[in-house]
>>> print(open('start17.txt').read())   # compact mmCIF, C-alpha atoms
# COMPACT_ATOMS: atom_id res chain seq x y z
CA MET Y 1 113.55 74.85 -60.45
CA ASP Y 2 113.43 72.12 -57.86
CA GLY Y 3 115.28 72.14 -54.59
CA SER Y 4 115.44 70.17 -51.37
CA ALA Y 5 117.19 70.42 -48.03
CA LYS Y 6 117.38 68.46 -44.79
CA LEU Y 7 117.92 70.09 -41.45
CA LYS Y 8 118.32 68.55 -38.01
CA VAL Y 9 116.78 71.02 -35.59
CA PRO Y 10 119.17 71.43 -32.63
CA GLY Y 11 117.56 69.57 -29.71
CA GLY Y 12 114.67 68.69 -31.99
CA LYS Y 13 113.65 66.67 -34.99
CA LEU Y 14 114.42 66.41 -38.69
CA VAL Y 15 112.88 68.82 -41.21
CA TYR Y 16 113.00 67.99 -44.89
CA VAL Y 17 111.87 70.57 -47.43
CA ARG Y 18 111.04 69.93 -51.07
CA ILE Y 19 110.41 73.05 -53.12
CA LYS Y 20 109.54 74.26 -56.64
CA TYR Y 21 110.38 77.86 -57.48
CA SER Y 22 111.14 80.37 -60.21
CA ASP Y 23 111.04 84.07 -59.27
CA ASN Y 24 108.49 83.05 -56.68
CA ILE Y 25 108.09 79.97 -54.54
CA GLU Y 26 105.57 77.87 -56.44
CA ASP Y 27 105.13 74.88 -54.18
CA VAL Y 28 106.66 73.70 -50.93
CA LYS Y 29 106.35 70.46 -48.99
CA ILE Y 30 107.54 70.41 -45.40
CA LEU Y 31 108.27 66.87 -44.25
CA GLY Y 32 109.88 65.27 -41.25
CA ASP Y 33 109.48 63.51 -37.92
CA PHE Y 34 108.50 66.63 -35.96
CA PHE Y 35 105.17 67.18 -34.18
CA MET Y 36 102.68 69.92 -34.95
CA HIS Y 37 99.08 70.14 -33.88
CA PRO Y 38 96.51 70.70 -35.13
CA GLU Y 39 98.19 68.70 -37.90
CA GLU Y 40 96.07 70.32 -40.61
CA ALA Y 41 97.92 73.61 -39.99
CA LEU Y 42 100.99 72.38 -41.87
CA ALA Y 43 99.06 72.52 -45.17
CA GLN Y 44 98.05 76.10 -44.31
CA ILE Y 45 101.69 76.98 -43.66
CA GLU Y 46 102.73 75.43 -46.99
CA LEU Y 47 100.03 77.44 -48.78
CA ALA Y 48 101.08 80.65 -47.04
CA ILE Y 49 104.68 80.25 -48.20
CA ALA Y 50 103.75 79.56 -51.81
CA GLY Y 51 103.81 82.83 -53.75
CA MET Y 52 106.54 84.45 -51.66
CA PRO Y 53 109.51 85.73 -53.69
CA ALA Y 54 112.17 83.03 -53.96
CA ARG Y 55 114.75 85.53 -52.68
CA SER Y 56 112.78 86.14 -49.43
CA ASP Y 57 115.13 86.03 -46.47
CA GLU Y 58 114.89 83.53 -43.64
CA ASP Y 59 113.33 86.00 -41.21
CA SER Y 60 110.50 87.00 -43.55
CA ILE Y 61 109.70 83.32 -44.27
CA ALA Y 62 109.77 82.59 -40.53
CA ALA Y 63 107.48 85.56 -39.88
CA ARG Y 64 104.98 84.21 -42.43
CA ILE Y 65 105.04 80.76 -40.76
CA SER Y 66 104.66 82.28 -37.28
CA ASP Y 67 101.73 84.33 -38.51
CA VAL Y 68 99.80 81.23 -39.66
CA ALA Y 69 100.82 79.34 -36.53
CA ARG Y 70 99.50 82.12 -34.29
CA LYS Y 71 96.20 82.39 -36.16
CA GLN Y 72 95.65 78.62 -36.07
CA GLY Y 73 96.81 78.19 -32.47
CA VAL Y 74 99.52 75.78 -33.60
CA GLU Y 75 101.83 73.98 -31.22
CA MET Y 76 105.15 72.85 -32.70
CA ILE Y 77 107.36 70.31 -30.97
CA GLY Y 78 110.84 69.50 -32.20
CA VAL Y 79 110.63 72.18 -34.87
CA THR Y 80 110.30 75.97 -35.01
CA ALA Y 81 109.14 78.54 -37.56
CA GLN Y 82 112.76 79.68 -37.80
CA SER Y 83 114.11 76.18 -38.49
CA ILE Y 84 111.50 75.53 -41.20
CA ALA Y 85 112.42 78.88 -42.75
CA GLN Y 86 116.10 77.98 -42.56
CA ALA Y 87 115.46 74.67 -44.36
CA ILE Y 88 113.44 76.45 -47.04
CA ARG Y 89 116.29 78.95 -47.53
CA MET Y 90 118.75 76.05 -47.83
CA ALA Y 91 116.55 74.38 -50.47
CA ILE Y 92 116.54 77.47 -52.71
CA LYS Y 93 119.88 77.67 -54.48
CA MET J 1 95.38 66.10 -12.60
CA THR J 2 91.73 65.70 -11.69
CA ASP J 3 90.20 62.35 -10.95
CA ALA J 4 89.11 60.38 -13.96
CA ILE J 5 87.86 56.86 -14.28
CA TRP J 6 90.02 55.13 -16.85
CA ARG J 7 88.64 52.46 -19.13
CA MET J 8 91.28 49.79 -19.65
CA ILE J 9 90.94 47.82 -22.88
CA ALA J 10 92.90 44.58 -22.60
CA ILE J 11 95.37 43.62 -25.31
CA GLU J 12 94.01 43.10 -28.83
CA GLU J 13 95.50 42.24 -32.21
CA HIS J 14 94.46 44.21 -35.28
CA SER J 15 95.63 45.35 -38.68
CA ALA J 16 97.46 48.66 -38.85
CA ALA J 17 94.46 50.47 -40.36
CA MET J 18 92.11 49.11 -37.70
CA ASN J 19 94.46 49.98 -34.84
CA MET J 20 94.64 53.56 -36.06
CA GLY J 21 90.88 53.60 -36.69
CA ILE J 22 90.19 52.46 -33.12
CA ASP J 23 92.43 55.19 -31.67
CA GLU J 24 90.64 57.86 -33.68
CA ALA J 25 87.16 56.45 -32.93
CA ILE J 26 87.91 56.65 -29.20
CA LEU J 27 89.31 60.16 -29.69
CA GLU J 28 86.01 61.19 -31.30
CA GLY J 29 84.05 59.53 -28.50
CA VAL J 30 86.01 61.38 -25.82
CA ARG J 31 85.61 64.61 -27.79
CA ASP J 32 81.84 64.10 -27.91
CA GLY J 33 81.68 63.27 -24.22
CA VAL J 34 80.38 59.73 -24.81
CA SER J 35 83.65 57.86 -24.18
CA THR J 36 85.68 58.05 -20.99
CA ALA J 37 89.44 58.39 -20.71
CA THR J 38 90.84 55.18 -22.17
CA ILE J 39 94.01 53.15 -22.13
CA ARG J 40 94.37 50.33 -24.63
CA PHE J 41 97.11 47.83 -25.44
CA TYR J 42 97.52 46.21 -28.82
CA ARG J 43 99.76 44.41 -31.27
CA TRP J 44 99.96 44.75 -35.04
CA LYS J 45 98.79 41.71 -37.01
CA PRO J 46 100.24 41.45 -39.57
CA SER J 47 103.45 43.27 -38.64
CA ALA J 48 103.34 46.84 -39.90
CA VAL J 49 105.26 50.00 -40.59
CA SER J 50 103.74 53.23 -39.35
CA ILE J 51 105.02 56.61 -40.47
CA GLY J 52 104.60 60.01 -38.89
CA ARG J 53 101.88 62.34 -40.10
CA PHE J 54 104.35 64.61 -41.93
CA GLN J 55 106.77 62.10 -43.42
CA GLY J 56 107.10 61.29 -47.09
CA ILE J 57 106.03 57.66 -47.46
CA LEU J 58 108.55 56.88 -50.20
CA ASP J 59 111.32 58.66 -48.29
CA GLU J 60 110.77 56.39 -45.30
CA VAL J 61 109.37 53.06 -46.51
CA ASN J 62 110.48 50.43 -48.99
CA MET J 63 106.97 49.74 -50.27
CA GLU J 64 107.94 46.82 -52.49
CA ARG J 65 109.62 44.95 -49.66
CA CYS J 66 106.68 45.65 -47.33
CA LYS J 67 104.27 44.28 -49.93
CA ALA J 68 106.41 41.21 -50.55
CA ALA J 69 106.71 40.56 -46.80
CA GLY J 70 102.97 41.09 -46.18
CA VAL J 71 103.70 44.03 -43.92
CA ASP J 72 101.00 46.73 -43.58
CA VAL J 73 101.97 50.37 -44.07
CA VAL J 74 99.98 53.13 -42.42
CA ARG J 75 100.31 56.87 -41.85
CA ARG J 76 99.56 57.83 -38.27
CA ILE J 77 97.43 60.75 -37.14
CA THR J 78 100.41 61.74 -34.96
CA GLY J 79 103.74 63.25 -35.92
CA GLY J 80 107.05 61.57 -35.20
CA GLY J 81 109.07 59.05 -37.14
CA ALA J 82 108.71 55.77 -39.00
CA VAL J 83 108.39 52.65 -36.83
CA TYR J 84 108.50 48.96 -37.66
CA HIS J 85 105.89 47.22 -35.49
CA ASP J 86 106.99 43.60 -35.49
CA PHE J 87 104.15 41.35 -34.31
CA GLU J 88 106.52 39.23 -32.24
CA GLY J 89 108.73 42.08 -31.15
CA GLU J 90 106.58 44.88 -29.85
CA LEU J 91 103.76 45.98 -27.57
CA THR J 92 101.86 49.20 -28.28
CA TYR J 93 99.65 51.31 -26.03
CA SER J 94 97.33 54.26 -26.60
CA VAL J 95 96.12 56.80 -24.07
CA ILE J 96 93.11 58.88 -25.09
CA ALA J 97 91.85 61.37 -22.52
CA PRO J 98 90.24 64.77 -22.13
CA GLN J 99 93.01 67.39 -21.99
CA SER J 100 91.39 68.58 -18.76
CA VAL J 101 92.64 65.49 -16.89
CA MET J 102 96.18 65.70 -18.28
CA PRO J 103 99.03 68.19 -17.74
CA LYS J 104 98.77 71.20 -20.04
CA GLY J 105 102.44 71.24 -21.03
CA ILE J 106 103.58 68.96 -23.83
CA ARG J 107 106.73 67.91 -22.02
CA GLU J 108 104.85 67.32 -18.76
CA SER J 109 102.20 65.16 -20.41
CA TYR J 110 104.81 63.10 -22.29
CA GLY J 111 106.63 62.77 -18.98
CA LEU J 112 103.50 61.63 -17.14
CA ILE J 113 102.48 58.92 -19.62
CA CYS J 114 106.07 57.81 -20.20
CA GLY J 115 106.22 57.47 -16.40
CA TRP J 116 103.53 54.78 -16.64
CA VAL J 117 105.65 52.88 -19.18
CA ILE J 118 108.69 53.31 -16.93
CA ALA J 119 106.68 51.98 -13.95
CA GLY J 120 105.72 48.90 -15.98
CA LEU J 121 109.31 48.30 -17.06
CA GLY J 122 110.37 48.77 -13.43
CA MET J 123 108.20 45.79 -12.44
CA LEU J 124 110.41 43.68 -14.71
CA GLY J 125 113.51 45.02 -12.97
CA ILE J 126 114.30 47.33 -15.89
CA ASN J 127 115.58 50.78 -14.94
CA ALA J 128 114.31 53.09 -17.70
CA GLN J 129 114.43 56.86 -18.06
CA PHE J 130 112.29 59.43 -19.83
CA ALA J 131 114.38 61.00 -22.60
CA PRO J 132 112.58 64.12 -23.82
CA ILE J 133 111.09 64.92 -26.21
CA ASN J 134 109.36 61.59 -26.65
CA ASP J 135 111.62 58.60 -25.97
CA ILE J 136 112.28 56.22 -23.11
CA THR J 137 115.77 54.80 -22.76
CA VAL J 138 117.63 52.13 -20.86
CA GLU J 139 121.33 52.90 -20.37
CA GLY J 140 121.05 55.53 -23.09
CA LYS J 141 119.46 53.21 -25.67
CA LYS J 142 115.91 53.73 -26.87
CA ILE J 143 113.41 51.09 -25.72
CA SER J 144 110.19 53.03 -26.31
CA GLY J 145 109.06 55.68 -28.78
CA ASN J 146 105.96 57.77 -28.18
CA ALA J 147 103.84 60.21 -30.20
CA GLN J 148 101.20 62.64 -29.02
CA THR J 149 98.59 64.89 -30.53
CA ARG J 150 95.86 67.08 -29.15
CA ARG J 151 92.70 68.05 -30.93
CA ASP J 152 89.23 69.22 -29.93
CA GLY J 153 90.16 69.12 -26.24
CA VAL J 154 91.41 65.52 -26.40
CA LEU J 155 94.93 64.22 -25.89
CA LEU J 156 95.99 61.09 -27.78
CA GLN J 157 99.33 59.49 -27.13
CA HIS J 158 100.42 56.18 -28.52
CA GLY J 159 103.74 54.50 -28.04
CA THR J 160 105.64 51.30 -28.46
CA ILE J 161 107.68 49.16 -26.12
CA LEU J 162 110.32 47.12 -27.92
CA TYR J 163 110.22 43.49 -26.81
CA SER J 164 112.79 42.10 -29.25
CA ILE J 165 114.51 43.59 -32.27
CA ASP J 166 114.48 42.12 -35.76
CA SER J 167 117.00 44.58 -37.15
CA SER J 168 117.35 42.88 -40.53
CA ALA J 169 113.57 43.25 -41.13
CA MET J 170 113.67 46.82 -39.82
CA PHE J 171 116.50 47.81 -42.17
CA SER J 172 114.95 46.00 -45.09
CA LEU J 173 111.53 47.70 -44.72
CA LEU J 174 112.57 51.19 -43.64
CA ASN J 175 114.78 53.48 -45.68
CA VAL J 176 117.04 54.24 -42.77
CA SER J 177 119.72 55.76 -44.94
CA LYS J 178 120.44 56.14 -48.60
CA GLU J 179 123.49 53.93 -48.25
CA LYS J 180 123.08 50.25 -48.89
CA ILE J 181 122.18 48.21 -45.85
CA SER J 182 125.45 47.17 -44.33
CA ASP J 183 126.48 45.31 -41.21
CA LYS J 184 127.82 48.61 -40.00
CA ALA J 185 124.39 50.23 -40.20
CA ILE J 186 122.81 47.30 -38.36
CA SER J 187 125.37 47.33 -35.56
CA SER J 188 124.91 51.07 -35.12
CA ALA J 189 121.17 50.48 -34.61
CA HIS J 190 122.10 48.03 -31.86
CA GLU J 191 124.06 50.85 -30.25
CA ARG J 192 121.06 53.20 -30.30
CA VAL J 193 118.12 50.84 -29.70
CA THR J 194 117.51 48.13 -27.12
CA SER J 195 114.65 45.83 -26.13
CA VAL J 196 113.10 44.08 -23.15
CA CYS J 197 114.68 40.78 -24.24
CA ALA J 198 118.10 42.43 -24.39
CA VAL J 199 117.95 44.02 -20.93
CA ALA J 200 115.78 41.44 -19.09
CA PRO J 201 116.45 38.11 -20.85
CA GLY J 202 113.81 35.45 -20.31
CA THR J 203 110.90 37.92 -20.01
CA SER J 204 107.87 36.67 -21.95
CA MET J 205 105.64 38.94 -24.03
CA LYS J 206 102.84 38.02 -21.61
CA ALA J 207 104.92 39.14 -18.62
CA LEU J 208 105.75 42.40 -20.41
CA TYR J 209 102.07 43.04 -21.11
CA GLU J 210 100.99 42.23 -17.54
CA SER J 211 103.65 44.53 -16.11
CA MET J 212 102.65 47.33 -18.48
CA TYR J 213 99.00 46.87 -17.59
CA LYS J 214 99.84 47.21 -13.88
CA GLY J 215 102.18 50.13 -14.50
CA PHE J 216 99.45 52.01 -16.36
CA CYS J 217 96.82 51.20 -13.69
CA GLU J 218 98.87 52.46 -10.73
CA GLY J 219 97.21 55.32 -8.89
CA LYS J 220 94.14 55.41 -11.12
CA SER J 221 90.46 54.53 -10.78
CA ILE J 222 90.15 51.71 -13.31
CA ALA J 223 87.18 50.23 -15.12
CA PRO J 224 88.11 47.32 -17.38
CA GLY J 225 86.12 47.67 -20.59
CA THR J 226 85.81 47.09 -24.29
CA LEU J 227 85.01 49.25 -27.30
CA SER J 228 81.37 50.33 -27.40
CA ASN J 229 79.32 49.29 -30.43
CA THR J 230 79.34 52.90 -31.64
CA GLU J 231 83.12 53.06 -31.34
CA ALA J 232 83.58 49.71 -33.10
CA ILE J 233 81.38 50.79 -36.03
CA ARG J 234 83.18 54.13 -36.30
CA ALA J 235 86.59 52.44 -36.03
CA ALA J 236 85.71 50.17 -38.97
CA GLU J 237 84.70 53.24 -41.00
CA LEU J 238 87.86 55.13 -40.10
CA SER J 239 90.03 52.09 -40.84
CA LYS J 240 89.06 52.46 -44.51
CA ARG J 241 90.72 55.87 -44.59
CA TYR J 242 93.82 54.46 -42.89
CA ALA J 243 93.95 51.74 -45.54
CA SER J 244 93.61 54.20 -48.43
CA ASP J 245 96.36 55.53 -50.70
CA SER J 246 94.87 59.00 -50.54
CA TRP J 247 95.70 59.11 -46.82
CA ASN J 248 98.85 57.00 -46.68
CA SER J 249 100.53 58.39 -49.79
CA TYR J 250 99.39 62.01 -49.61
CA ARG J 251 103.01 63.00 -49.19
>>> encode(input="start17.txt", output="structure tokens")
Amino acid sequence: MDGSAKLKVPGGKLVYVRIKYSDNIEDVKILGDFFMHPEEALAQIELAIAGMPARSDEDSIAARISDVARKQGVEMIGVTAQSIAQAIRMAIK
Amino acid sequence: MTDAIWRMIAIEEHSAAMNMGIDEAILEGVRDGVSTATIRFYRWKPSAVSIGRFQGILDEVNMERCKAAGVDVVRRITGGGAVYHDFEGELTYSVIAPQSVMPKGIRESYGLICGWVIAGLGMLGINAQFAPINDITVEGKKISGNAQTRRDGVLLQHGTILYSIDSSAMFSLLNVSKEKISDKAISSAHERVTSVCAVAPGTSMKALYESMYKGFCEGKSIAPGTLSNTEAIRAAELSKRYASDSWNSYR
């Protein structure tokens, strides 16, 4: 199935998630006008989320994002791991 | 902030792909220790739309209208939002410097560089404020948008100063909302965005540029300069990526 969701991060930017899923998340694209550097880390975050069960809760998705962010030394501005996870949760019906 | 000698590159006009290629070529030069901290001013010829690194191109840009209008479309190396860079209506700057000469904090470094823009606007009698995260406003309306990245020990920030607003072009080229372009949408943009011409009528583009140049120079050791041959060759190479679909349409 396909899903999408838009979320305005309070005090931050817009996050737009486009997702393909069945029992598991198959593919996710995280879009928006936020800042994240190094920029290449976003692709790593998208890859790390793919394969998670589609019923994963917001906190476990956020933990996965934070894990990649920590390993890659990522700085996020106008967006957080939690808000990306929230948008992903909203995109999965 | 430690002392740095800043190379100032006077205003140039380039295509979108070349402007982005030049920024990245300087970034590489600073990374490799062969280029010094640099400030450059430029305009976009032809007019162009730039989108943020993480935006979906088709979500943000009406590609057909851009093509028909001869407007370049480019994805920036930096995050942030979609911007219409009208040749007649905007001045752009880039700051490329070793992170060691800039504040460590994101907010502090945006604040510092935006302070240079604010100083330049001040010389025109415009009272502007830094509006974190990355905007500059006059009486609550945005007059400047800015975008920063850091990689390999180098900070790159580029930003725009709105000189005059062509809101009908902006709304025609950017997918601002899913609703049809209406007068209501255009007037609401006027409520959120302003320009040098709106707040300091009679200011020429040349006067804006000269004030910005002075504002950016204040308190710095300055060496007027140009791109090195190495940078110019690398910029031309990089501009090919910025002109390619594989970069611009990757999402």
>>> closest_residue(input="start17.txt", among="J:Ala37, J:Ala82, J:Val49, J:Leu124", to="chain Y", atoms="all atoms listed in the file")
J:Ala82
>>> residues_around(input="start17.txt", residues="Met76 of chain Y", least_positions_apart="2", cutoff="9 Å", atoms="only C-alpha atoms", output="list of chain:residue names")
Y:Phe34, Y:Phe35, Y:Met36, Y:His37, Y:Ala69, Y:Val74, Y:Gly78, Y:Val79, Y:Thr80, Y:Ala81
>>> atom_distance(input="start17.txt", atom1="atom CA of Ala235 of chain J", atom2="atom CA of Ser47 of chain J")
19.4 Å
>>> closest_atom_pairs(input="start17.txt", of="chain J", to="chain Y", cutoff="7 Å", atoms="only C-alpha atoms", output="CSV")
residue,atom,partner,partner_atom,distance
J:Gly52,CA,Y:Asp33,CA,6.1
J:Phe54,CA,Y:Leu31,CA,5.1
J:Gln55,CA,Y:Gly32,CA,4.9
J:Gly56,CA,Y:Leu31,CA,6.4
J:Gly79,CA,Y:Phe35,CA,4.5
J:Gly80,CA,Y:Asp33,CA,4.1
J:Gly81,CA,Y:Asp33,CA,4.5
J:Thr149,CA,Y:His37,CA,6.2
J:Arg150,CA,Y:His37,CA,6.5
J:Arg151,CA,Y:Pro38,CA,6.3
>>> residues_around(input="start17.txt", residues="Gly51 of chain Y", least_positions_apart="3", cutoff="6 Å", atoms="all atoms listed in the file", output="PyMOL selection string")
chain Y and resi 24-26
>>> decode(input="start17.txt", residues="segment 31-42 of chain J", atoms="all heavy atoms", output="PDB file, in the first residue's frame")
ATOM      1  N   ARG J  31      38.005  23.316   1.921  1.00  0.00           N
ATOM      2  CA  ARG J  31      38.223  22.012   2.554  1.00  0.00           C
ATOM      3  C   ARG J  31      39.676  21.559   2.377  1.00  0.00           C
ATOM      4  O   ARG J  31      40.311  21.077   3.303  1.00  0.00           O
ATOM      5  CB  ARG J  31      37.289  20.974   1.904  1.00  0.00           C
ATOM      6  CG  ARG J  31      37.492  19.544   2.399  1.00  0.00           C
ATOM      7  CD  ARG J  31      36.818  18.536   1.470  1.00  0.00           C
ATOM      8  NE  ARG J  31      37.487  18.493   0.158  1.00  0.00           N
ATOM      9  CZ  ARG J  31      36.959  17.951  -0.940  1.00  0.00           C
ATOM     10  NH1 ARG J  31      35.746  17.431  -0.901  1.00  0.00           N
ATOM     11  NH2 ARG J  31      37.624  17.951  -2.075  1.00  0.00           N
ATOM     12  N   ASP J  32      40.192  21.750   1.158  1.00  0.00           N
ATOM     13  CA  ASP J  32      41.545  21.281   0.842  1.00  0.00           C
ATOM     14  C   ASP J  32      42.627  22.273   1.273  1.00  0.00           C
ATOM     15  O   ASP J  32      43.812  22.029   1.038  1.00  0.00           O
ATOM     16  CB  ASP J  32      41.667  21.005  -0.664  1.00  0.00           C
ATOM     17  CG  ASP J  32      40.742  19.878  -1.117  1.00  0.00           C
ATOM     18  OD1 ASP J  32      40.275  19.114  -0.237  1.00  0.00           O
ATOM     19  OD2 ASP J  32      40.462  19.778  -2.326  1.00  0.00           O
ATOM     20  N   GLY J  33      42.207  23.372   1.868  1.00  0.00           N
ATOM     21  CA  GLY J  33      43.182  24.338   2.374  1.00  0.00           C
ATOM     22  C   GLY J  33      43.819  25.203   1.293  1.00  0.00           C
ATOM     23  O   GLY J  33      44.793  25.898   1.558  1.00  0.00           O
ATOM     24  N   VAL J  34      43.278  25.172   0.064  1.00  0.00           N
ATOM     25  CA  VAL J  34      43.851  25.995  -1.005  1.00  0.00           C
ATOM     26  C   VAL J  34      43.052  27.274  -1.268  1.00  0.00           C
ATOM     27  O   VAL J  34      43.544  28.179  -1.918  1.00  0.00           O
ATOM     28  CB  VAL J  34      44.012  25.190  -2.331  1.00  0.00           C
ATOM     29  CG1 VAL J  34      45.037  24.076  -2.142  1.00  0.00           C
ATOM     30  CG2 VAL J  34      42.692  24.622  -2.799  1.00  0.00           C
ATOM     31  N   SER J  35      41.822  27.317  -0.753  1.00  0.00           N
ATOM     32  CA  SER J  35      41.020  28.553  -0.897  1.00  0.00           C
ATOM     33  C   SER J  35      40.809  29.148   0.485  1.00  0.00           C
ATOM     34  O   SER J  35      40.685  28.421   1.471  1.00  0.00           O
ATOM     35  CB  SER J  35      39.658  28.253  -1.518  1.00  0.00           C
ATOM     36  OG  SER J  35      39.797  27.606  -2.765  1.00  0.00           O
ATOM     37  N   THR J  36      40.786  30.482   0.538  1.00  0.00           N
ATOM     38  CA  THR J  36      40.533  31.146   1.822  1.00  0.00           C
ATOM     39  C   THR J  36      39.037  31.345   2.000  1.00  0.00           C
ATOM     40  O   THR J  36      38.252  31.151   1.068  1.00  0.00           O
ATOM     41  CB  THR J  36      41.214  32.527   1.865  1.00  0.00           C
ATOM     42  OG1 THR J  36      40.737  33.287   0.756  1.00  0.00           O
ATOM     43  CG2 THR J  36      42.724  32.412   1.784  1.00  0.00           C
ATOM     44  N   ALA J  37      38.668  31.747   3.210  1.00  0.00           N
ATOM     45  CA  ALA J  37      37.273  32.094   3.492  1.00  0.00           C
ATOM     46  C   ALA J  37      36.805  33.091   2.435  1.00  0.00           C
ATOM     47  O   ALA J  37      37.534  34.022   2.087  1.00  0.00           O
ATOM     48  CB  ALA J  37      37.160  32.699   4.889  1.00  0.00           C
ATOM     49  N   THR J  38      35.617  32.862   1.910  1.00  0.00           N
ATOM     50  CA  THR J  38      35.162  33.640   0.753  1.00  0.00           C
ATOM     51  C   THR J  38      33.729  34.130   0.934  1.00  0.00           C
ATOM     52  O   THR J  38      32.879  33.413   1.469  1.00  0.00           O
ATOM     53  CB  THR J  38      35.232  32.773  -0.531  1.00  0.00           C
ATOM     54  OG1 THR J  38      36.586  32.360  -0.732  1.00  0.00           O
ATOM     55  CG2 THR J  38      34.719  33.518  -1.757  1.00  0.00           C
ATOM     56  N   ILE J  39      33.518  35.349   0.472  1.00  0.00           N
ATOM     57  CA  ILE J  39      32.159  35.883   0.351  1.00  0.00           C
ATOM     58  C   ILE J  39      31.961  36.226  -1.117  1.00  0.00           C
ATOM     59  O   ILE J  39      32.840  36.836  -1.740  1.00  0.00           O
ATOM     60  CB  ILE J  39      31.989  37.146   1.220  1.00  0.00           C
ATOM     61  CG1 ILE J  39      32.072  36.775   2.710  1.00  0.00           C
ATOM     62  CG2 ILE J  39      30.661  37.859   0.900  1.00  0.00           C
ATOM     63  CD1 ILE J  39      32.260  37.966   3.627  1.00  0.00           C
ATOM     64  N   ARG J  40      30.858  35.786  -1.692  1.00  0.00           N
ATOM     65  CA  ARG J  40      30.573  36.174  -3.078  1.00  0.00           C
ATOM     66  C   ARG J  40      29.131  36.652  -3.199  1.00  0.00           C
ATOM     67  O   ARG J  40      28.255  36.219  -2.442  1.00  0.00           O
ATOM     68  CB  ARG J  40      30.857  35.028  -4.063  1.00  0.00           C
ATOM     69  CG  ARG J  40      30.044  33.776  -3.851  1.00  0.00           C
ATOM     70  CD  ARG J  40      30.391  32.670  -4.874  1.00  0.00           C
ATOM     71  NE  ARG J  40      29.907  32.961  -6.203  1.00  0.00           N
ATOM     72  CZ  ARG J  40      28.868  32.327  -6.778  1.00  0.00           C
ATOM     73  NH1 ARG J  40      28.232  31.353  -6.163  1.00  0.00           N
ATOM     74  NH2 ARG J  40      28.463  32.673  -7.983  1.00  0.00           N
ATOM     75  N   PHE J  41      28.920  37.556  -4.147  1.00  0.00           N
ATOM     76  CA  PHE J  41      27.567  38.032  -4.463  1.00  0.00           C
ATOM     77  C   PHE J  41      27.251  37.653  -5.899  1.00  0.00           C
ATOM     78  O   PHE J  41      28.138  37.674  -6.757  1.00  0.00           O
ATOM     79  CB  PHE J  41      27.482  39.550  -4.304  1.00  0.00           C
ATOM     80  CG  PHE J  41      27.565  39.996  -2.873  1.00  0.00           C
ATOM     81  CD1 PHE J  41      28.770  40.394  -2.322  1.00  0.00           C
ATOM     82  CD2 PHE J  41      26.434  39.991  -2.065  1.00  0.00           C
ATOM     83  CE1 PHE J  41      28.853  40.786  -0.995  1.00  0.00           C
ATOM     84  CE2 PHE J  41      26.508  40.386  -0.736  1.00  0.00           C
ATOM     85  CZ  PHE J  41      27.720  40.779  -0.207  1.00  0.00           C
ATOM     86  N   TYR J  42      26.011  37.305  -6.143  1.00  0.00           N
ATOM     87  CA  TYR J  42      25.662  36.919  -7.513  1.00  0.00           C
ATOM     88  C   TYR J  42      24.168  37.074  -7.767  1.00  0.00           C
ATOM     89  O   TYR J  42      23.364  37.211  -6.859  1.00  0.00           O
ATOM     90  CB  TYR J  42      26.111  35.490  -7.820  1.00  0.00           C
ATOM     91  CG  TYR J  42      25.666  34.407  -6.852  1.00  0.00           C
ATOM     92  CD1 TYR J  42      24.583  33.578  -7.132  1.00  0.00           C
ATOM     93  CD2 TYR J  42      26.354  34.196  -5.666  1.00  0.00           C
ATOM     94  CE1 TYR J  42      24.207  32.568  -6.253  1.00  0.00           C
ATOM     95  CE2 TYR J  42      25.986  33.192  -4.780  1.00  0.00           C
ATOM     96  CZ  TYR J  42      24.901  32.383  -5.079  1.00  0.00           C
ATOM     97  OH  TYR J  42      24.531  31.392  -4.213  1.00  0.00           O
TER      98      TYR J  42
END
